[in-house]
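S.K.: Contents are compact mmCIF, C-alpha atoms; file name entry-v8.txt:
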# COMPACT_ATOMS: atom_id res chain seq x y z
CA MET S 1248 -70.92 -113.91 -58.77
CA ARG S 1249 -68.51 -111.03 -58.17
CA ASP S 1250 -69.08 -111.42 -54.42
CA LEU S 1251 -67.72 -114.98 -54.55
CA GLY S 1252 -64.40 -113.70 -55.83
CA ALA S 1253 -64.44 -110.82 -53.35
CA GLY S 1254 -64.98 -113.23 -50.46
CA PHE S 1255 -62.04 -115.37 -51.56
CA GLY S 1256 -60.03 -112.17 -51.91
CA TYR S 1257 -60.57 -111.37 -48.23
CA LEU S 1258 -59.27 -114.82 -47.34
CA ILE S 1259 -56.09 -114.18 -49.36
CA LYS S 1260 -55.70 -110.66 -47.94
CA GLY S 1261 -55.97 -112.03 -44.43
CA GLN S 1262 -53.23 -114.59 -45.05
CA ARG S 1263 -51.02 -111.89 -46.54
CA TRP S 1264 -51.61 -109.69 -43.51
CA ALA S 1265 -50.59 -112.53 -41.18
CA VAL S 1266 -47.43 -113.26 -43.17
CA ARG S 1267 -46.44 -109.58 -43.17
CA HIS S 1268 -46.95 -109.39 -39.39
CA GLY S 1269 -44.90 -112.37 -38.31
CA ARG S 1270 -45.16 -111.73 -34.57
CA TRP S 1271 -48.94 -111.74 -34.73
CA PHE S 1272 -48.89 -114.84 -36.92
CA GLY S 1273 -46.93 -116.75 -34.26
CA PHE S 1274 -49.17 -115.31 -31.55
CA GLY S 1275 -52.25 -116.59 -33.36
CA LEU S 1276 -50.87 -120.11 -33.85
CA LEU S 1277 -50.98 -121.10 -30.18
CA PRO S 1278 -54.76 -121.69 -29.74
CA GLY S 1279 -54.93 -123.72 -32.97
CA LEU S 1280 -52.07 -125.99 -31.89
CA ILE S 1281 -53.78 -126.74 -28.58
CA THR S 1282 -57.11 -127.49 -30.26
CA LEU S 1283 -55.47 -129.58 -32.99
CA VAL S 1284 -53.99 -131.99 -30.45
CA LEU S 1285 -57.41 -132.47 -28.85
CA TYR S 1286 -59.19 -133.02 -32.16
CA ALA S 1287 -56.53 -135.33 -33.55
CA GLY S 1288 -56.99 -137.62 -30.56
CA ALA S 1289 -60.77 -137.57 -30.96
CA LEU S 1290 -60.65 -138.37 -34.71
CA VAL S 1291 -58.15 -141.19 -34.18
CA GLY S 1292 -60.48 -142.65 -31.57
CA LEU S 1293 -63.43 -142.33 -33.93
CA GLY S 1294 -61.44 -143.98 -36.72
CA TYR S 1295 -60.71 -147.01 -34.55
CA GLY S 1296 -64.18 -147.20 -33.05
CA ALA S 1297 -66.50 -146.34 -35.97
CA ASP S 1298 -66.81 -149.93 -37.19
CA ASP S 1299 -67.64 -151.20 -33.67
CA LEU S 1300 -70.23 -148.45 -33.32
CA VAL S 1301 -71.84 -149.43 -36.62
CA ASP S 1302 -71.83 -153.14 -35.67
CA TRP S 1303 -73.55 -152.29 -32.39
CA ALA S 1304 -76.14 -150.08 -34.12
CA THR S 1305 -77.08 -152.64 -36.81
CA PRO S 1306 -77.76 -155.96 -35.03
CA PHE S 1307 -80.61 -156.61 -37.49
CA ALA S 1308 -78.03 -157.17 -40.24
CA ASP S 1309 -76.05 -159.90 -38.41
CA ASP S 1310 -77.68 -162.65 -40.47
CA TRP S 1311 -77.39 -160.91 -43.83
CA SER S 1312 -75.44 -162.73 -46.50
CA SER S 1313 -72.38 -161.41 -48.29
CA PRO S 1314 -71.90 -158.90 -49.86
CA TRP S 1315 -74.88 -157.04 -48.38
CA LEU S 1316 -73.67 -157.16 -44.78
CA GLY S 1317 -70.26 -155.74 -45.65
CA LEU S 1318 -71.72 -153.19 -48.05
CA LEU S 1319 -74.15 -151.83 -45.45
CA ARG S 1320 -71.69 -151.65 -42.58
CA ASN S 1321 -68.78 -150.34 -44.61
CA THR S 1322 -70.98 -147.61 -46.06
CA LEU S 1323 -72.26 -146.64 -42.63
CA THR S 1324 -68.73 -146.66 -41.20
CA VAL S 1325 -67.59 -144.25 -43.90
CA LEU S 1326 -70.64 -142.04 -43.29
CA VAL S 1327 -70.08 -142.01 -39.52
CA PHE S 1328 -66.44 -141.01 -39.91
CA GLY S 1329 -67.42 -138.47 -42.59
CA LEU S 1330 -69.99 -136.99 -40.23
CA GLY S 1331 -67.38 -136.81 -37.48
CA LEU S 1332 -64.96 -135.09 -39.84
CA PHE S 1333 -67.68 -132.68 -40.95
CA LEU S 1334 -68.47 -131.78 -37.34
CA ALA S 1335 -64.76 -131.49 -36.56
CA VAL S 1336 -64.30 -128.94 -39.35
CA ILE S 1337 -67.27 -126.94 -38.12
CA THR S 1338 -66.51 -127.10 -34.41
CA PHE S 1339 -62.73 -126.67 -34.77
CA THR S 1340 -63.12 -122.98 -35.43
CA ALA S 1341 -65.61 -122.49 -32.59
CA VAL S 1342 -63.44 -124.33 -30.06
CA THR S 1343 -60.24 -122.67 -31.27
CA LEU S 1344 -61.85 -119.23 -31.05
CA LEU S 1345 -63.09 -120.03 -27.56
CA VAL S 1346 -59.66 -121.25 -26.44
CA GLY S 1347 -57.95 -118.34 -28.15
CA GLN S 1348 -60.45 -115.57 -27.40
CA PRO S 1349 -57.87 -113.18 -25.88
CA PHE S 1350 -55.35 -114.00 -28.65
CA TYR S 1351 -57.74 -113.44 -31.56
CA GLU S 1352 -59.36 -110.42 -29.95
CA SER S 1353 -55.95 -108.72 -29.85
CA LEU S 1354 -55.12 -109.87 -33.40
CA SER S 1355 -58.41 -108.54 -34.74
CA GLU S 1356 -57.88 -105.20 -33.00
CA GLN S 1357 -54.43 -104.99 -34.56
CA VAL S 1358 -55.90 -105.56 -38.02
CA ASP S 1359 -58.37 -102.71 -37.43
CA ARG S 1360 -55.53 -100.56 -36.18
CA THR S 1361 -53.32 -101.17 -39.22
CA GLU S 1362 -56.23 -100.62 -41.63
CA GLY S 1363 -57.09 -97.25 -40.08
CA GLY S 1364 -60.29 -95.86 -38.66
CA ASP S 1365 -61.88 -96.71 -35.34
CA VAL S 1366 -60.75 -99.71 -33.30
CA PRO S 1367 -63.97 -100.85 -31.58
CA GLU S 1368 -63.81 -102.48 -28.17
CA SER S 1369 -66.63 -104.43 -26.55
CA GLY S 1370 -65.95 -102.96 -23.11
CA LEU S 1371 -66.90 -106.29 -21.52
CA PRO S 1372 -64.73 -108.25 -19.07
CA LEU S 1373 -62.98 -111.33 -20.44
CA TRP S 1374 -65.21 -113.80 -18.61
CA ARG S 1375 -68.28 -112.12 -20.12
CA GLU S 1376 -66.83 -112.29 -23.63
CA LEU S 1377 -66.00 -115.98 -23.15
CA TRP S 1378 -69.53 -116.66 -21.93
CA ILE S 1379 -71.12 -114.90 -24.92
CA SER S 1380 -68.77 -116.66 -27.35
CA ALA S 1381 -69.48 -120.08 -25.83
CA ARG S 1382 -73.22 -119.50 -25.80
CA ASP S 1383 -73.30 -118.24 -29.40
CA SER S 1384 -71.07 -121.12 -30.54
CA LEU S 1385 -73.47 -123.58 -28.93
CA ARG S 1386 -76.38 -121.99 -30.78
CA ILE S 1387 -74.46 -122.26 -34.04
CA LEU S 1388 -73.58 -125.90 -33.35
CA VAL S 1389 -77.25 -126.71 -32.79
CA ARG S 1390 -78.00 -125.27 -36.22
CA VAL S 1391 -75.09 -127.19 -37.72
CA GLY S 1392 -76.26 -130.38 -36.02
CA LEU S 1393 -79.69 -130.07 -37.62
CA TYR S 1394 -78.14 -129.53 -41.05
CA SER S 1395 -75.80 -132.48 -40.45
CA VAL S 1396 -78.64 -134.86 -39.64
CA LEU S 1397 -80.55 -133.74 -42.73
CA LEU S 1398 -77.53 -134.07 -45.00
CA PHE S 1399 -76.65 -137.43 -43.46
CA ALA S 1400 -80.15 -138.72 -44.30
CA LEU S 1401 -80.00 -137.29 -47.82
CA GLY S 1402 -76.68 -139.07 -48.31
CA PHE S 1403 -78.59 -142.33 -48.79
CA VAL S 1404 -80.54 -140.93 -51.77
CA PRO S 1405 -79.06 -142.34 -55.01
CA VAL S 1406 -77.15 -139.85 -57.19
CA ILE S 1407 -78.16 -136.83 -55.08
CA GLY S 1408 -76.37 -138.27 -52.07
CA GLN S 1409 -73.12 -138.56 -53.99
CA THR S 1410 -73.27 -135.24 -55.88
CA VAL S 1411 -75.54 -132.53 -54.47
CA VAL S 1412 -75.23 -133.41 -50.77
CA PRO S 1413 -71.41 -133.01 -50.56
CA VAL S 1414 -71.68 -129.60 -52.25
CA LEU S 1415 -74.39 -128.52 -49.80
CA GLY S 1416 -72.26 -129.84 -46.95
CA PHE S 1417 -69.32 -127.66 -47.94
CA CYS S 1418 -71.60 -124.64 -48.34
CA VAL S 1419 -72.99 -125.17 -44.83
CA THR S 1420 -69.46 -125.62 -43.52
CA GLY S 1421 -68.23 -122.46 -45.22
CA TYR S 1422 -71.17 -120.33 -44.14
CA PHE S 1423 -70.88 -121.16 -40.45
CA LEU S 1424 -67.08 -120.98 -40.53
CA ALA S 1425 -67.43 -117.43 -41.81
CA GLU S 1426 -69.93 -116.65 -39.06
CA GLU S 1427 -67.64 -117.94 -36.32
CA LEU S 1428 -64.62 -116.06 -37.65
CA THR S 1429 -66.35 -112.73 -38.31
CA ALA S 1430 -67.89 -112.95 -34.84
CA VAL S 1431 -64.53 -111.89 -33.36
CA ALA S 1432 -64.68 -108.51 -35.08
CA LEU S 1433 -68.46 -108.09 -35.07
CA GLN S 1434 -68.86 -108.80 -31.36
CA ARG S 1435 -66.41 -105.98 -30.69
CA ARG S 1436 -68.78 -103.81 -32.72
CA GLY S 1437 -71.65 -104.72 -30.41
CA MET S 1438 -73.49 -107.09 -32.76
CA VAL S 1439 -75.46 -109.98 -31.28
CA LEU S 1440 -75.77 -113.34 -33.04
CA ARG S 1441 -79.13 -112.55 -34.64
CA ASP S 1442 -77.76 -109.39 -36.25
CA ARG S 1443 -74.58 -111.14 -37.39
CA LEU S 1444 -76.56 -113.86 -39.15
CA ALA S 1445 -78.80 -111.25 -40.78
CA LEU S 1446 -75.72 -109.38 -41.99
CA LEU S 1447 -74.18 -112.51 -43.51
CA ARG S 1448 -77.46 -113.58 -45.13
CA GLY S 1449 -77.55 -110.22 -46.88
CA ARG S 1450 -74.22 -111.07 -48.59
CA ARG S 1451 -74.43 -114.85 -48.97
CA LEU S 1452 -72.08 -115.15 -51.94
CA LEU S 1453 -69.48 -112.97 -50.24
CA THR S 1454 -69.76 -115.12 -47.13
CA LEU S 1455 -69.51 -118.39 -49.08
CA GLY S 1456 -66.60 -117.08 -51.15
CA PHE S 1457 -64.70 -116.58 -47.91
CA GLY S 1458 -65.86 -119.62 -45.96
CA VAL S 1459 -66.07 -122.48 -48.49
CA PRO S 1460 -62.42 -122.38 -49.65
CA LEU S 1461 -61.39 -122.12 -46.01
CA GLY S 1462 -63.54 -125.11 -45.10
CA LEU S 1463 -61.95 -127.14 -47.89
CA ALA S 1464 -58.48 -126.11 -46.75
CA PHE S 1465 -59.32 -127.09 -43.17
CA LEU S 1466 -59.80 -130.69 -44.33
CA VAL S 1467 -56.03 -130.96 -44.85
CA PRO S 1468 -54.28 -132.01 -41.62
CA PHE S 1469 -52.46 -129.19 -39.81
CA VAL S 1470 -53.51 -126.61 -42.42
CA ALA S 1471 -56.25 -125.20 -40.19
CA VAL S 1472 -53.73 -124.33 -37.48
CA PHE S 1473 -51.53 -122.32 -39.83
CA LEU S 1474 -54.43 -120.64 -41.59
CA MET S 1475 -56.25 -119.53 -38.42
CA PRO S 1476 -54.30 -116.29 -37.79
CA GLY S 1477 -54.80 -115.21 -41.40
CA ALA S 1478 -58.41 -116.40 -41.32
CA VAL S 1479 -59.14 -114.16 -38.32
CA ALA S 1480 -57.37 -111.27 -40.06
CA GLY S 1481 -59.33 -111.86 -43.28
CA ALA S 1482 -62.61 -112.17 -41.37
CA THR S 1483 -61.89 -108.83 -39.71
CA LEU S 1484 -61.35 -107.24 -43.12
CA LEU S 1485 -64.57 -108.87 -44.32
CA ALA S 1486 -66.45 -107.60 -41.27
CA ARG S 1487 -65.21 -104.06 -41.96
CA ASP S 1488 -66.70 -104.33 -45.45
CA LEU S 1489 -70.00 -105.70 -44.18
CA VAL S 1490 -70.59 -102.98 -41.60
CA ALA S 1491 -69.24 -100.12 -43.72
CA PRO S 1492 -70.85 -100.07 -47.21
CA ALA S 1493 -68.80 -98.54 -50.00
CA GLU S 1494 -68.82 -94.76 -50.15
CA GLY S 1495 -71.76 -93.49 -52.15
CA GLU S 1496 -73.69 -96.74 -51.88
CA ASP S 1497 -77.22 -96.10 -50.64
CA GLU S 1498 -78.60 -98.48 -48.05
CA ASP S 1499 -82.20 -99.65 -48.21
CA GLU S 1500 -83.58 -98.94 -44.77
CA ASP S 1501 -86.17 -101.69 -45.11
CA ASP S 1502 -83.46 -104.30 -45.72
CA ALA S 1503 -81.00 -103.03 -43.11
CA PRO S 1504 -80.44 -105.27 -40.09
CA ALA S 1505 -81.70 -104.28 -36.67
CA PRO S 1506 -79.64 -101.75 -34.68
CA TYR S 1507 -76.46 -103.30 -33.34
CA THR S 1508 -76.38 -103.46 -29.57
CA LEU S 1509 -74.16 -105.17 -27.10
CA ASP S 1510 -75.54 -108.45 -25.83
CA LYS S 1511 -76.31 -107.90 -22.15
CA ASP S 1512 -78.20 -111.17 -21.58
Represent the supplied structure as structure tokens.

M.R.:
Amino acid sequence: MRDLGAGFGYLIKGQRWAVRHGRWFGFGLLPGLITLVLYAGALVGLGYGADDLVDWATPFADDWSSPWLGLLRNTLTVLVFGLGLFLAVITFTAVTLLVGQPFYESLSEQVDRTEGGDVPESGLPLWRELWISARDSLRILVRVGLYSVLLFALGFVPVIGQTVVPVLGFCVTGYFLAEELTAVALQRRGMVLRDRLALLRGRRLLTLGFGVPLGLAFLVPFVAVFLMPGAVAGATLLARDLVAPAEGEDEDEDDAPAPYTLDKD
């Protein structure tokens, strides 16, 4: 359980770093503001159109008597909007990181620089980094989509759907948020998606301690934009911990992830 607190600690440290470095904080706000405008428009459209979508998808219920017709369609409308919000939280980070790749790359390098030690660079041209980020984000979104469908179906199960499923949803959200954010620093260290996921699986509680509170915070309008610079900074600090075990801590070679190499696909 100590890792949960440590993960949350990295989130706080990242926000503190951003506040102390005001110029970089402002620099990191720009991609989030652009993405927020796009997502706000999409969610408003979904809010207005969710009930029409549900009506179109459930013609079999047209002849149902009250209150069953309203109960079914209102429930499905809430679930559709909830699913859209869930996907928005997950994809917001991926899209913002893609839009802000040059911004966050520079911010992450600055965090490494201020913390001391090496400042890794991918050595790849910008277009190549954008391509790798977009491709990896798509792979992550496919995974998230599968989890979303499963959780959506489980949402209809009495009791479990109202208690366990939301908790699992936030855990999934937090885990993949952490992956997307640490990718900025880990890609500069030459780690491909497979190795990054293996690294995070090895410290699940640390990853969830960082990602779940951030996912909850991202549900509050506008908060995600202002937390993104600090989130990238915190994820960089977290990545430094993940790739550099504490001094004197022996690594089990059998459990160590595969060698980290630049993705040349």

S.K.: Quote the spacing between CA of Leu1330 (chain S) and CA of Ala1482 (chain S) in Å to one decimal place.

M.R.: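 Distance reported for this atom pair: 25.9 Å.
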
S.K.: Could you tell me which of S:Val1346, S:Leu1444, S:Val1412, S:Leu1251 comes closest to Arg1390 (chain S) if we count all atoms listed in the file?

M.R.: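 Looking at the shortest contact to Arg1390 (chain S), the residue is S:Leu1444.
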
S.K.: Restricting the calculation to all atoms listed in the file: of S:Val1301, S:Leu1258, S:Ala1381, S:Val1472, which residue gets closest to Gly1421 (chain S)?

M.R.: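 Comparing S:Val1301, S:Leu1258, S:Ala1381, S:Val1472 against Gly1421 (chain S), the winner is S:Leu1258.
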
S.K.: Just checking: using only C-alpha atoms, which residue out of S:Leu1461, S:Leu1290, S:Leu1344, S:Leu1276 ends up closest to Ala1430 (chain S)?

M.R.: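 Once distances to Ala1430 (chain S) are computed over only C-alpha atoms, the minimum belongs to S:Leu1344.
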
S.K.: Would you work out the distance separating CA of Ser1380 (chain S) from CA of Gln1348 (chain S), expressed in Å to one decimal?

M.R.: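 Here the two named atoms are 8.4 Å from each other.
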
S.K.: Need to verify the contact set: Ala1253 (chain S), 10 Å, all atoms listed in the file, exclusion of same-chain residues closer than 6 positions in sequence. Can you return it as number ranges by chain?

M.R.: S: 1259, 1452-1454, 1456-1457, 1485

S.K.: Please produce an output containing C-alpha atoms for each residue in the selection, written as a PDB file, in the frame of the given file.

M.R.:
ATOM      1  CA  ILE S1259     -56.090-114.180 -49.360  1.00  0.00           C
ATOM      2  CA  LEU S1452     -72.080-115.150 -51.940  1.00  0.00           C
ATOM      3  CA  LEU S1453     -69.480-112.970 -50.240  1.00  0.00           C
ATOM      4  CA  THR S1454     -69.760-115.120 -47.130  1.00  0.00           C
ATOM      5  CA  GLY S1456     -66.600-117.080 -51.150  1.00  0.00           C
ATOM      6  CA  PHE S1457     -64.700-116.580 -47.910  1.00  0.00           C
ATOM      7  CA  LEU S1485     -64.570-108.870 -44.320  1.00  0.00           C
TER       8      LEU S1485
END

S.K.: Between S:Met1438, S:Phe1399, S:Glu1368, S:Ala1335, which residue has the minimum interatomic distance to Gly1462 (chain S), considering all atoms listed in the file?

M.R.: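 Counting all atoms listed in the file, the residue closest to Gly1462 (chain S) is S:Ala1335.
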
S.K.: Which of these, S:Leu1415, S:Ala1289, S:Leu1388, S:Gly1408, has the shortest distance to Leu1326 (chain S) once you count only C-alpha atoms?

M.R.: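 Among the listed residues, the smallest separation from Leu1326 (chain S) belongs to S:Gly1408.
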
S.K.: My list of candidates is S:Leu1293, S:Ala1287, S:Leu1455, S:Val1404. Which is closest to Arg1249 (chain S) when distances are computed with only C-alpha atoms?

M.R.: S:Leu1455

S.K.: Near Asp1302 (chain S), counting only C-alpha atoms, which residues have an atom at most 10 Å away, once you skip same-chain residues fewer than 3 positions from it, shown as a list of chain:residue names?

M.R.: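 The residues that qualify are S:Ala1297, S:Asp1298, S:Asp1299, S:Thr1305, S:Pro1306, S:Phe1307, S:Ala1308, S:Asp1309, S:Arg1320, S:Asn1321, S:Leu1323, S:Thr1324.
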
S.K.: What is the distance, in Å and to one decimal place, between CA of Gly1269 (chain S) and CA of Gly1254 (chain S)?

M.R.: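 Separation of CA of Gly1269 (chain S) and CA of Gly1254 (chain S): 23.5 Å.
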
S.K.: Show me, as an MDAnalysis selection string, the residues that have an atom within 12 Å of Tyr1351 (chain S) when counting all atoms listed in the file, minus same-chain residues fewer than 3 positions from it.

M.R.: chainID S and resid 1271:1279 1340 1343:1348 1354:1358 1427:1432 1435 1475:1483

S.K.: How would you write as a list of chain:residue names the residues that get within 10 Å of (-68.7, -133.0, -38.9) in the file's frame, counting all atoms listed in the file?

M.R.: S:Val1327, S:Phe1328, S:Gly1329, S:Leu1330, S:Gly1331, S:Leu1332, S:Phe1333, S:Leu1334, S:Ala1335, S:Val1336, S:Ile1337, S:Thr1338, S:Phe1339, S:Val1391, S:Gly1392, S:Ser1395, S:Gly1416, S:Thr1420

S.K.: Kindly reconstruct region 1474-1486 of chain S with N, CA and C atoms and present the result as an mmCIF file, in the coordinates of the input.

M.R.:
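Saved as part19.cif:
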data_model
loop_
_atom_site.group_PDB
_atom_site.id
_atom_site.type_symbol
_atom_site.label_atom_id
_atom_site.label_comp_id
_atom_site.auth_asym_id
_atom_site.auth_seq_id
_atom_site.Cartn_x
_atom_site.Cartn_y
_atom_site.Cartn_z
ATOM 1 N N LEU S 1474 -53.579 -121.619 -40.922
ATOM 2 C CA LEU S 1474 -54.430 -120.640 -41.590
ATOM 3 C C LEU S 1474 -55.243 -119.795 -40.618
ATOM 4 N N MET S 1475 -55.374 -120.228 -39.364
ATOM 5 C CA MET S 1475 -56.250 -119.530 -38.420
ATOM 6 C C MET S 1475 -55.877 -118.062 -38.206
ATOM 7 N N PRO S 1476 -54.595 -117.719 -37.982
ATOM 8 C CA PRO S 1476 -54.300 -116.290 -37.790
ATOM 9 C C PRO S 1476 -54.715 -115.448 -38.994
ATOM 10 N N GLY S 1477 -54.403 -115.928 -40.200
ATOM 11 C CA GLY S 1477 -54.800 -115.210 -41.400
ATOM 12 C C GLY S 1477 -56.297 -115.222 -41.618
ATOM 13 N N ALA S 1478 -56.962 -116.317 -41.187
ATOM 14 C CA ALA S 1478 -58.410 -116.400 -41.320
ATOM 15 C C ALA S 1478 -59.090 -115.359 -40.436
ATOM 16 N N VAL S 1479 -58.593 -115.185 -39.212
ATOM 17 C CA VAL S 1479 -59.140 -114.160 -38.320
ATOM 18 C C VAL S 1479 -58.887 -112.765 -38.900
ATOM 19 N N ALA S 1480 -57.684 -112.561 -39.448
ATOM 20 C CA ALA S 1480 -57.370 -111.270 -40.060
ATOM 21 C C ALA S 1480 -58.288 -111.010 -41.264
ATOM 22 N N GLY S 1481 -58.458 -112.024 -42.120
ATOM 23 C CA GLY S 1481 -59.330 -111.860 -43.280
ATOM 24 C C GLY S 1481 -60.772 -111.641 -42.888
ATOM 25 N N ALA S 1482 -61.228 -112.340 -41.836
ATOM 26 C CA ALA S 1482 -62.610 -112.170 -41.370
ATOM 27 C C ALA S 1482 -62.816 -110.762 -40.816
ATOM 28 N N THR S 1483 -61.791 -110.204 -40.203
ATOM 29 C CA THR S 1483 -61.890 -108.830 -39.710
ATOM 30 C C THR S 1483 -62.024 -107.849 -40.880
ATOM 31 N N LEU S 1484 -61.237 -108.073 -41.922
ATOM 32 C CA LEU S 1484 -61.350 -107.240 -43.120
ATOM 33 C C LEU S 1484 -62.733 -107.385 -43.755
ATOM 34 N N LEU S 1485 -63.238 -108.622 -43.776
ATOM 35 C CA LEU S 1485 -64.570 -108.870 -44.320
ATOM 36 C C LEU S 1485 -65.627 -108.166 -43.481
ATOM 37 N N ALA S 1486 -65.487 -108.242 -42.158
ATOM 38 C CA ALA S 1486 -66.450 -107.600 -41.270
ATOM 39 C C ALA S 1486 -66.460 -106.089 -41.482
#
